[in-house]
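Q: One file is attached below, data_14.cif, containing mmCIF, C-alpha atoms.
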```cif
data_entry
#
loop_
_atom_site.label_atom_id
_atom_site.label_comp_id
_atom_site.auth_asym_id
_atom_site.auth_seq_id
_atom_site.Cartn_x
_atom_site.Cartn_y
_atom_site.Cartn_z
CA MET F 11 18.34 -8.83 22.12
CA GLN F 12 17.27 -11.85 20.04
CA ARG F 13 13.98 -11.65 18.14
CA ARG F 14 12.36 -14.37 20.31
CA HIS F 15 13.23 -12.56 23.54
CA PHE F 16 12.23 -9.20 22.11
CA LEU F 17 8.77 -10.36 21.08
CA ASN F 18 8.12 -12.17 24.34
CA ALA F 19 9.23 -9.15 26.36
CA LEU F 20 6.96 -6.94 24.29
CA ALA F 21 4.03 -9.31 24.74
CA LEU F 22 4.59 -9.74 28.47
CA GLY F 23 4.38 -5.97 28.81
CA ALA F 24 0.85 -6.27 27.46
CA GLY F 25 0.03 -9.20 29.76
CA ILE F 26 0.15 -11.77 26.93
CA LEU F 27 2.52 -14.69 26.42
CA LEU F 28 3.43 -14.80 22.75
CA PRO F 29 4.39 -18.26 21.44
CA VAL F 30 6.97 -18.26 18.66
CA GLY F 31 7.98 -20.66 15.91
CA ARG F 32 6.64 -24.15 15.26
CA SER F 33 4.78 -24.38 18.60
CA ALA F 34 3.00 -21.12 17.77
CA TRP F 35 1.72 -22.63 14.52
CA ALA F 36 0.32 -25.62 16.35
CA LEU F 37 -1.33 -23.46 19.02
CA SER F 38 -2.95 -21.25 16.39
CA GLY F 39 -5.33 -24.02 15.42
CA SER F 40 -4.20 -23.77 11.79
CA ALA F 41 -2.01 -26.86 11.58
CA ALA F 42 -4.70 -28.71 9.62
CA ASP F 43 -5.18 -25.73 7.31
CA PRO F 44 -1.76 -24.23 6.59
CA THR F 45 -3.12 -21.88 3.91
CA GLY F 46 -5.96 -20.60 6.11
CA ARG F 47 -4.16 -17.37 7.03
CA LYS F 48 -3.88 -15.01 4.06
CA LEU F 49 -1.65 -12.08 3.10
CA ILE F 50 -2.38 -9.57 0.32
CA VAL F 51 0.17 -6.92 -0.65
CA VAL F 52 -0.81 -3.85 -2.68
CA MET F 53 2.14 -1.93 -4.15
CA LEU F 54 1.61 1.72 -5.13
CA ARG F 55 4.22 2.26 -7.83
CA GLY F 56 5.41 5.81 -8.34
CA ALA F 57 5.76 6.82 -4.67
CA VAL F 58 2.46 7.88 -3.11
CA ASP F 59 2.47 11.03 -0.98
CA GLY F 60 2.03 9.55 2.48
CA LEU F 61 1.96 12.99 4.09
CA ASN F 62 -1.36 13.65 2.36
CA VAL F 63 -2.68 10.12 2.86
CA VAL F 64 -2.25 10.27 6.64
CA ALA F 65 -1.67 13.98 7.19
CA PRO F 66 -0.21 15.47 10.40
CA VAL F 67 -2.83 18.22 10.42
CA GLY F 68 -2.19 18.78 14.13
CA ASP F 69 1.33 20.04 13.35
CA ALA F 70 1.46 23.71 12.32
CA ASN F 71 4.54 22.96 10.21
CA TYR F 72 2.42 20.83 7.87
CA ALA F 73 0.35 23.81 6.67
CA ARG F 74 3.49 25.92 6.39
CA LEU F 75 5.20 23.34 4.18
CA ARG F 76 2.13 22.81 1.99
CA PRO F 77 0.29 26.10 1.53
CA THR F 78 -1.70 24.98 -1.54
CA ILE F 79 -1.77 21.16 -1.41
CA GLY F 80 -2.05 20.62 2.36
CA LEU F 81 -5.31 19.25 3.75
CA GLY F 82 -7.33 21.38 6.13
CA ALA F 83 -8.16 20.38 9.66
CA PRO F 84 -11.13 18.03 10.22
CA GLY F 85 -14.40 19.92 9.90
CA MET F 86 -12.99 22.50 7.49
CA ASP F 87 -13.95 22.67 3.84
CA GLY F 88 -11.70 20.11 2.16
CA GLY F 89 -10.44 19.00 5.54
CA ALA F 90 -8.98 15.65 6.48
CA LEU F 91 -11.02 12.97 8.21
CA ASP F 92 -10.05 12.86 11.87
CA LEU F 93 -8.11 9.80 12.99
CA ASP F 94 -6.73 10.58 16.44
CA GLY F 95 -6.81 14.35 16.91
CA TYR F 96 -3.38 14.81 15.33
CA PHE F 97 -3.41 12.76 12.14
CA GLY F 98 -6.15 13.01 9.53
CA LEU F 99 -7.06 10.71 6.64
CA HIS F 100 -7.38 12.05 3.10
CA PRO F 101 -11.11 12.64 2.46
CA ALA F 102 -10.97 10.61 -0.78
CA LEU F 103 -10.44 7.56 1.45
CA ALA F 104 -13.76 7.95 3.27
CA ASP F 105 -14.70 4.37 2.29
CA LEU F 106 -12.05 3.16 4.75
CA GLN F 107 -13.47 4.98 7.77
CA PRO F 108 -15.69 2.03 8.84
CA LEU F 109 -12.60 -0.22 8.93
CA TRP F 110 -10.72 2.36 11.00
CA ARG F 111 -13.60 2.72 13.45
CA ALA F 112 -13.88 -1.07 13.71
CA HIS F 113 -10.15 -1.20 14.61
CA LYS F 114 -9.37 -3.25 11.51
CA LEU F 115 -7.17 -0.63 9.81
CA ALA F 116 -3.87 0.81 11.07
CA PHE F 117 -1.03 2.88 9.66
CA VAL F 118 2.72 2.83 10.28
CA HIS F 119 4.06 6.32 9.63
CA ALA F 120 7.64 7.37 8.86
CA SER F 121 8.28 3.85 7.53
CA GLY F 122 10.08 2.63 4.44
CA SER F 123 13.40 1.44 3.09
CA PRO F 124 16.60 2.60 4.79
CA ASP F 125 18.29 2.91 1.40
CA ALA F 126 18.62 6.56 0.37
CA THR F 127 17.94 6.09 -3.35
CA ARG F 128 15.38 8.33 -5.02
CA SER F 129 15.24 6.11 -8.11
CA HIS F 130 11.84 4.51 -8.63
CA PHE F 131 13.39 1.46 -10.28
CA ASP F 132 15.97 0.78 -7.56
CA ALA F 133 13.64 1.56 -4.66
CA GLN F 134 10.90 -0.73 -5.97
CA ASP F 135 13.45 -3.46 -6.57
CA TYR F 136 14.69 -3.20 -2.99
CA MET F 137 11.18 -3.31 -1.53
CA GLU F 138 10.28 -6.32 -3.66
CA SER F 139 13.49 -8.21 -2.86
CA ALA F 140 13.52 -6.96 0.78
CA THR F 141 17.28 -6.46 0.51
CA PRO F 142 17.82 -2.68 0.37
CA GLY F 143 21.05 -1.68 -1.31
CA ARG F 144 21.64 -5.16 -2.75
CA LYS F 145 20.84 -5.49 -6.46
CA SER F 146 22.10 -9.06 -6.81
CA THR F 147 19.23 -10.73 -4.91
CA PRO F 148 17.75 -13.24 -7.39
CA ASP F 149 14.22 -13.55 -5.99
CA GLY F 150 11.36 -11.63 -4.37
CA TRP F 151 10.48 -11.85 -0.69
CA MET F 152 6.93 -13.13 -1.33
CA ASN F 153 8.40 -16.01 -3.34
CA ARG F 154 10.77 -16.83 -0.47
CA LEU F 155 7.87 -16.49 1.96
CA VAL F 156 5.60 -18.97 0.19
CA ALA F 157 8.48 -21.45 0.01
CA ALA F 158 9.06 -21.09 3.76
CA LEU F 159 5.45 -21.54 4.88
CA PRO F 160 4.27 -24.91 6.24
CA GLY F 161 2.06 -27.15 4.14
CA PRO F 162 2.19 -28.56 0.60
CA GLN F 163 3.12 -26.20 -2.19
CA SER F 164 0.75 -25.62 -5.09
CA PRO F 165 0.96 -23.35 -8.18
CA SER F 166 -1.98 -21.22 -7.02
CA ARG F 167 -0.68 -20.60 -3.49
CA LEU F 168 1.12 -17.43 -4.69
CA LEU F 169 -0.96 -15.18 -6.96
CA GLY F 170 -0.26 -11.93 -8.76
CA ILE F 171 -2.66 -9.64 -10.59
CA GLY F 172 -1.09 -7.44 -13.25
CA PRO F 173 0.27 -7.29 -16.79
CA VAL F 174 3.48 -9.24 -16.00
CA LEU F 175 4.85 -11.39 -13.20
CA PRO F 176 6.34 -8.87 -10.75
CA ARG F 177 9.78 -8.97 -9.16
CA ILE F 178 8.30 -9.67 -5.72
CA LEU F 179 6.84 -13.02 -6.93
CA SER F 180 9.89 -14.18 -8.90
CA GLY F 181 11.96 -17.09 -7.65
CA GLN F 182 12.08 -20.86 -7.39
CA ALA F 183 8.59 -21.34 -5.97
CA ALA F 184 5.66 -21.52 -8.38
CA ALA F 185 3.47 -18.44 -8.86
CA VAL F 186 0.42 -17.63 -10.97
CA ASN F 187 -0.15 -14.24 -12.58
CA LEU F 188 -3.52 -13.02 -13.89
CA PRO F 189 -4.15 -9.88 -16.00
CA ASN F 190 -5.99 -6.90 -14.55
CA VAL F 191 -9.62 -6.29 -15.44
CA ALA F 192 -9.43 -5.05 -19.03
CA GLY F 193 -10.38 -1.63 -20.29
CA ALA F 194 -10.09 0.42 -17.11
CA ALA F 195 -8.04 3.14 -18.79
CA ARG F 196 -8.26 2.61 -22.55
CA ALA F 197 -9.15 5.21 -25.12
CA ASP F 198 -12.87 5.19 -25.92
CA LEU F 199 -15.10 6.20 -28.84
CA LEU F 200 -15.35 9.80 -27.60
CA ASP F 201 -11.56 10.20 -27.92
CA ARG F 202 -12.09 10.38 -31.68
CA PRO F 203 -12.10 14.12 -32.54
CA ALA F 204 -15.19 14.13 -34.77
CA VAL F 205 -17.26 12.08 -32.35
CA LYS F 206 -16.07 14.14 -29.38
CA ALA F 207 -16.98 17.41 -31.10
CA ALA F 208 -20.50 16.15 -31.85
CA PHE F 209 -21.13 15.05 -28.26
CA ASP F 210 -19.61 18.24 -26.87
CA GLU F 211 -22.07 20.28 -28.92
CA LEU F 212 -24.96 18.02 -27.91
CA TYR F 213 -24.33 18.21 -24.16
CA ALA F 214 -22.56 21.57 -23.71
CA SER F 215 -25.71 23.43 -22.68
CA HIS F 216 -27.88 20.55 -21.55
CA PRO F 217 -29.55 21.65 -18.27
CA ARG F 218 -29.64 18.15 -16.77
CA PHE F 219 -26.71 16.19 -18.20
CA GLY F 220 -24.27 18.93 -19.18
CA ARG F 221 -22.35 19.01 -15.90
CA ALA F 222 -22.20 15.23 -15.55
CA TYR F 223 -20.93 14.90 -19.12
CA ALA F 224 -18.25 17.55 -18.57
CA ASP F 225 -17.07 16.01 -15.30
CA GLY F 226 -16.93 12.54 -16.80
CA ARG F 227 -14.90 13.70 -19.79
CA ALA F 228 -12.53 15.68 -17.55
CA ALA F 229 -11.86 12.63 -15.39
CA HIS F 230 -11.29 10.46 -18.46
CA ARG F 231 -8.92 13.05 -19.96
CA GLU F 232 -6.95 13.21 -16.70
CA VAL F 233 -6.47 9.45 -16.79
CA MET F 234 -5.41 9.50 -20.43
CA ASP F 235 -3.00 12.39 -19.83
CA ALA F 236 -1.41 10.41 -17.02
CA LEU F 237 -1.00 7.42 -19.30
CA GLU F 238 0.71 9.61 -21.87
CA SER F 239 3.29 10.90 -19.35
CA HIS F 240 6.51 9.03 -20.11
CA GLU F 241 7.94 9.77 -16.65
CA MET F 242 4.92 8.38 -14.87
CA GLN F 243 4.86 5.33 -17.14
CA ALA F 244 8.48 4.63 -16.18
CA ALA F 245 7.69 5.02 -12.48
CA ASP F 246 4.65 2.73 -12.80
CA ARG F 247 6.65 -0.07 -14.51
CA GLY F 248 3.54 -1.25 -16.34
CA ALA F 249 1.18 -1.12 -13.34
CA PRO F 250 -2.29 0.20 -14.22
CA LEU F 251 -3.94 3.22 -12.67
CA PRO F 252 -6.20 2.35 -9.71
CA ASN F 253 -9.42 3.11 -11.61
CA GLY F 254 -10.10 -0.57 -12.19
CA PHE F 255 -8.97 -1.68 -8.74
CA PRO F 256 -12.49 -2.11 -7.26
CA ASP F 257 -13.20 -4.71 -9.97
CA ASP F 258 -9.83 -6.39 -9.46
CA ALA F 259 -10.41 -6.43 -5.70
CA ALA F 260 -13.82 -8.05 -6.10
CA ARG F 261 -12.37 -10.68 -8.42
CA LEU F 262 -9.44 -11.36 -6.07
CA ALA F 263 -11.79 -11.80 -3.11
CA GLY F 264 -13.89 -14.23 -5.12
CA LEU F 265 -10.83 -16.22 -6.13
CA MET F 266 -9.60 -16.47 -2.56
CA ARG F 267 -13.01 -17.54 -1.28
CA ASN F 268 -13.45 -20.15 -3.99
CA ASP F 269 -9.91 -21.54 -3.96
CA PRO F 270 -8.61 -22.07 -0.40
CA LYS F 271 -5.16 -22.92 -1.79
CA ILE F 272 -4.53 -19.25 -2.61
CA GLN F 273 -2.68 -17.85 0.41
CA LEU F 274 -0.54 -14.94 -0.80
CA ALA F 275 -1.57 -12.34 -3.39
CA PHE F 276 0.03 -9.25 -4.90
CA VAL F 277 -1.43 -6.31 -6.82
CA ALA F 278 0.47 -3.29 -8.18
CA LEU F 279 -1.16 0.05 -9.01
CA GLY F 280 0.48 3.01 -10.74
CA GLY F 281 -0.08 6.73 -11.09
CA TRP F 282 1.40 8.06 -7.83
CA ASP F 283 4.34 10.11 -9.16
CA THR F 284 2.68 13.49 -8.55
CA HIS F 285 5.35 16.04 -9.46
CA ALA F 286 2.77 18.59 -10.62
CA ASN F 287 -0.87 19.50 -9.98
CA GLN F 288 -1.19 17.07 -7.10
CA GLY F 289 -4.15 18.84 -5.53
CA ALA F 290 -5.34 18.76 -1.95
CA ALA F 291 -8.76 17.36 -1.03
CA SER F 292 -9.53 17.15 -4.76
CA GLY F 293 -7.35 16.80 -7.81
CA GLN F 294 -4.92 14.25 -9.19
CA LEU F 295 -4.00 12.49 -5.93
CA ALA F 296 -7.62 12.39 -4.78
CA ASN F 297 -8.62 10.85 -8.11
CA ARG F 298 -6.14 8.03 -7.48
CA LEU F 299 -6.98 7.52 -3.81
CA ALA F 300 -10.76 7.29 -4.27
CA PRO F 301 -10.78 4.04 -6.31
CA LEU F 302 -7.97 2.66 -4.14
CA GLY F 303 -10.06 3.19 -1.01
CA GLN F 304 -13.16 1.81 -2.71
CA GLY F 305 -11.23 -1.26 -3.83
CA LEU F 306 -9.84 -1.96 -0.36
CA ALA F 307 -13.33 -1.61 1.14
CA VAL F 308 -14.71 -3.97 -1.54
CA LEU F 309 -11.91 -6.44 -0.80
CA ALA F 310 -12.74 -6.49 2.91
CA GLU F 311 -16.46 -6.85 2.24
CA ARG F 312 -16.22 -9.53 -0.45
CA LEU F 313 -13.77 -11.65 1.53
CA GLY F 314 -16.54 -12.05 4.10
CA PRO F 315 -15.55 -14.28 7.04
CA LEU F 316 -12.19 -14.87 5.34
CA PHE F 317 -11.24 -11.25 6.11
CA ASP F 318 -10.83 -12.24 9.75
CA ASP F 319 -7.86 -14.40 8.75
CA THR F 320 -6.43 -11.98 6.17
CA VAL F 321 -3.91 -9.15 6.42
CA VAL F 322 -3.69 -6.56 3.66
CA VAL F 323 -0.53 -4.43 3.41
CA VAL F 324 -0.33 -1.32 1.22
CA MET F 325 3.15 0.07 0.58
CA SER F 326 5.08 2.29 -1.84
CA GLU F 327 8.75 2.56 -2.76
CA PHE F 328 9.35 5.87 -0.95
CA GLY F 329 7.49 8.98 0.10
CA ARG F 330 7.52 12.50 -1.27
CA THR F 331 9.04 15.79 -0.16
CA ALA F 332 7.49 17.52 2.82
CA HIS F 333 7.65 20.85 0.95
CA GLU F 334 5.38 21.25 -2.04
CA ASN F 335 7.24 22.33 -5.18
CA GLY F 336 6.63 25.23 -7.54
CA ASN F 337 4.36 23.14 -9.77
CA GLY F 338 1.83 22.37 -7.06
CA GLY F 339 3.22 18.88 -6.57
CA THR F 340 5.85 17.00 -4.60
CA ASP F 341 9.18 15.47 -5.56
CA HIS F 342 10.86 12.19 -4.66
CA GLY F 343 11.27 11.81 -0.91
CA HIS F 344 12.17 9.17 1.66
CA GLY F 345 9.88 8.09 4.53
CA ASN F 346 6.26 7.16 3.86
CA VAL F 347 3.27 5.47 5.47
CA MET F 348 2.39 1.76 5.32
CA TRP F 349 -1.26 0.68 5.59
CA VAL F 350 -2.23 -2.55 7.37
CA MET F 351 -5.78 -3.89 7.50
CA GLY F 352 -7.38 -7.15 8.50
CA GLY F 353 -9.70 -8.87 10.91
CA LYS F 354 -7.07 -9.38 13.60
CA VAL F 355 -5.10 -6.18 13.06
CA ARG F 356 -4.84 -3.97 16.14
CA GLY F 357 -6.32 -1.09 14.19
CA GLY F 358 -7.59 2.36 14.94
CA LYS F 359 -4.02 3.57 15.57
CA VAL F 360 -1.20 5.32 13.76
CA TYR F 361 1.96 3.44 14.75
CA GLY F 362 5.60 4.33 14.32
CA ASP F 363 8.32 6.50 15.76
CA TRP F 364 6.92 9.86 14.66
CA GLU F 365 9.25 12.85 15.04
CA GLY F 366 7.17 15.58 13.40
CA VAL F 367 7.71 17.66 10.26
CA GLY F 368 9.63 20.58 11.68
CA ASP F 369 12.74 21.59 9.74
CA ALA F 370 15.03 19.94 12.31
CA GLN F 371 13.12 16.64 12.10
CA LEU F 372 13.18 16.28 8.32
CA ASN F 373 15.62 13.98 6.54
CA GLU F 374 18.16 16.16 4.69
CA GLY F 375 15.90 19.10 5.49
CA ARG F 376 13.32 17.97 2.92
CA ASP F 377 11.83 14.51 3.57
CA LEU F 378 10.07 12.49 6.21
CA PRO F 379 12.74 10.24 7.78
CA VAL F 380 12.48 6.45 7.88
CA THR F 381 12.23 5.52 11.55
CA THR F 382 10.62 2.09 10.98
CA ASP F 383 12.19 -0.28 8.46
CA PHE F 384 9.50 -1.76 6.20
CA ARG F 385 11.01 -5.21 6.71
CA SER F 386 10.30 -5.00 10.44
CA VAL F 387 6.60 -4.55 9.67
CA LEU F 388 6.54 -7.39 7.14
CA ALA F 389 8.51 -9.72 9.41
CA HIS F 390 6.21 -8.90 12.33
CA ILE F 391 3.16 -9.85 10.22
CA SER F 392 4.87 -12.97 8.87
CA GLU F 393 5.74 -14.15 12.37
CA GLU F 394 2.57 -13.28 14.27
CA HIS F 395 -0.02 -13.78 11.51
CA LEU F 396 1.54 -16.46 9.30
CA MET F 397 3.34 -18.05 12.28
CA LEU F 398 6.71 -18.21 10.55
CA GLY F 399 9.48 -19.55 12.78
CA ASP F 400 12.76 -17.76 13.44
CA LYS F 401 15.01 -19.69 11.06
CA ARG F 402 12.56 -19.49 8.17
CA LEU F 403 11.93 -15.84 8.90
CA GLU F 404 15.63 -15.10 8.51
CA ARG F 405 15.63 -16.76 5.08
CA VAL F 406 12.72 -14.60 3.94
CA PHE F 407 14.20 -11.37 5.34
CA PRO F 408 17.99 -11.76 5.35
CA ALA F 409 20.12 -9.13 7.09
CA MET F 410 17.21 -7.83 9.14
CA PRO F 411 17.95 -4.56 10.95
CA GLN F 412 18.88 -4.79 14.62
CA LYS F 413 16.33 -2.16 15.61
CA ARG F 414 12.88 -3.74 15.94
CA ALA F 415 9.51 -2.04 15.71
CA ALA F 416 8.38 -1.38 19.28
CA PHE F 417 4.68 -2.04 18.65
CA ARG F 418 2.35 -4.93 17.97
CA LEU F 419 0.18 -4.70 14.89
CA MET F 420 -1.51 -8.06 15.28
CA GLY F 421 -4.02 -9.18 17.89
CA THR F 422 -3.94 -12.48 19.70
#
```
As structure tokens - that is how I would like this structure written.
A:
Amino acid sequence: MQRRHFLNALALGAGILLPVGRSAWALSGSAADPTGRKLIVVMLRGAVDGLNVVAPVGDANYARLRPTIGLGAPGMDGGALDLDGYFGLHPALADLQPLWRAHKLAFVHASGSPDATRSHFDAQDYMESATPGRKSTPDGWMNRLVAALPGPQSPSRLLGIGPVLPRILSGQAAAVNLPNVAGAARADLLDRPAVKAAFDELYASHPRFGRAYADGRAAHREVMDALESHEMQAADRGAPLPNGFPDDAARLAGLMRNDPKIQLAFVALGGWDTHANQGAASGQLANRLAPLGQGLAVLAERLGPLFDDTVVVVMSEFGRTAHENGNGGTDHGHGNVMWVMGGKVRGGKVYGDWEGVGDAQLNEGRDLPVTTDFRSVLAHISEEHLMLGDKRLERVFPAMPQKRAAFRLMGT
């Protein structure tokens, strides 16, 4: 079935006629403001553990597979935050609950790239080029997207925040790249041994500030240890830890409010390659998720009315093993969960073709399978939110899979 017929059939089933292509852009009321609809992509480099982000706590197999790092049921000590009675949200992401309850946040589970690679470098390259298995693609899909969108092109229409221009923004169209907020994870004065020893002695037994000092130093040390891990640095490809993301999110929201020409933005965050000591409700993963959730909530708040015309997508190169490993962590997997938030997102739902985490349902007996191609989600958003026509859509996402996502993420 052709994409046009598929989308119209899907919409008619919901009692809605869905216009497609150039006429859809005109009907949207955005013809006079072609940059009015925004898209922000957040890439979690290192492969975030989607099974602990949106955990299938209603499946008894989940607790069996993860005896020490699995989240408890909602209401339990260290339990997940209830989403729909089956799935639960990691408690470190509590800042996102208001968006979920307002139906402005959704998830697509068991999604990702159909390519079977477990290489961070290759998998990130394929997600940024949107051509899985093809290394020769010269540009990134966000660069192709901005070139395909209606309206005059400008250098600030495509924006990246990070240390270098990422693969996803590379190509013939102009793009601007800004550095992250400085100093989020640098060594500080207390990392000097003599100074540290003096402060340790000063605060070790302090009845009021001793615990706060110890907790603060432990968190700082955990960040610095992560930075010193060569494997994680390679997986992150220069992306910073999410500790500074709330500040970056606030700055990005301000830029997009003040400069209406900015339409597409990209941010990459590292630190998700949790092979050891991942933790459950607390620990390494929780320490990454908390500032990520805070930053996304800040982004939604600071965008103000602009959030109603914005879609934010959070994705990662692949998921992690369903079984925890012997080091209290998870290894490189396959399927994952995509996050989608925005004013017109049909939120409050976990979408996707979910098969469970029983041994028979796992990919190669170890991973969550990919039942929804990530390109289907991105193309769906590009067509329904950015009103991209069929021919231009095919240039942005060449060799699209025949199987389409059988759900609608975007409202009318």
Q: With the PyMOL selection byres ((chain F and resi 174) around 10) as the selection, what would be picked from this file? Answer as a list in words, please.
A: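 What the PyMOL selection byres ((chain F and resi 174) around 10) grabs from the file is Gly170, Ile171, Gly172, Pro173, Leu175, Pro176, Arg177, Asn187, Leu188, Pro189, Asn190, Arg247, Gly248 and Ala249 of chain F.
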Q: Quick one: residues within 8 Å of F:Ala307, only C-alpha atoms, excluding same-chain residues fewer than 3 positions away - as a list of chain:residue names?
A: F:Asp105, F:Leu106, F:Leu109, F:Gly303, F:Gln304, F:Ala310, F:Glu311
Q: Show me, as a VMD selection string, the residues that have an atom within 8 Å of stretch 116-124 of chain F when counting only C-alpha atoms, minus same-chain residues fewer than 4 positions from it.
A: chain F and resid 110 133 136 to 137 142 327 to 328 344 to 351 355 to 364 378 to 385 419
Q: Provide the atom CA of F:Gly82 to atom CA of F:Val67 distance in Å, to one decimal place.
A: 7.0 Å
Q: Using only C-alpha atoms, what residues lie at most 9 Å away from (0.5, 13.8, 5.1) (file coordinates), given as an MDAnalysis selection string?
A: chainID F and resid 59:67 72 80:81 97:100 332 346:347
Q: Could you work out how far atom CA of F:Ser180 lies from atom CA of F:Glu394, giving the answer in Å with one decimal?
A: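 Rounded to one decimal, the two atoms are 24.3 Å apart.
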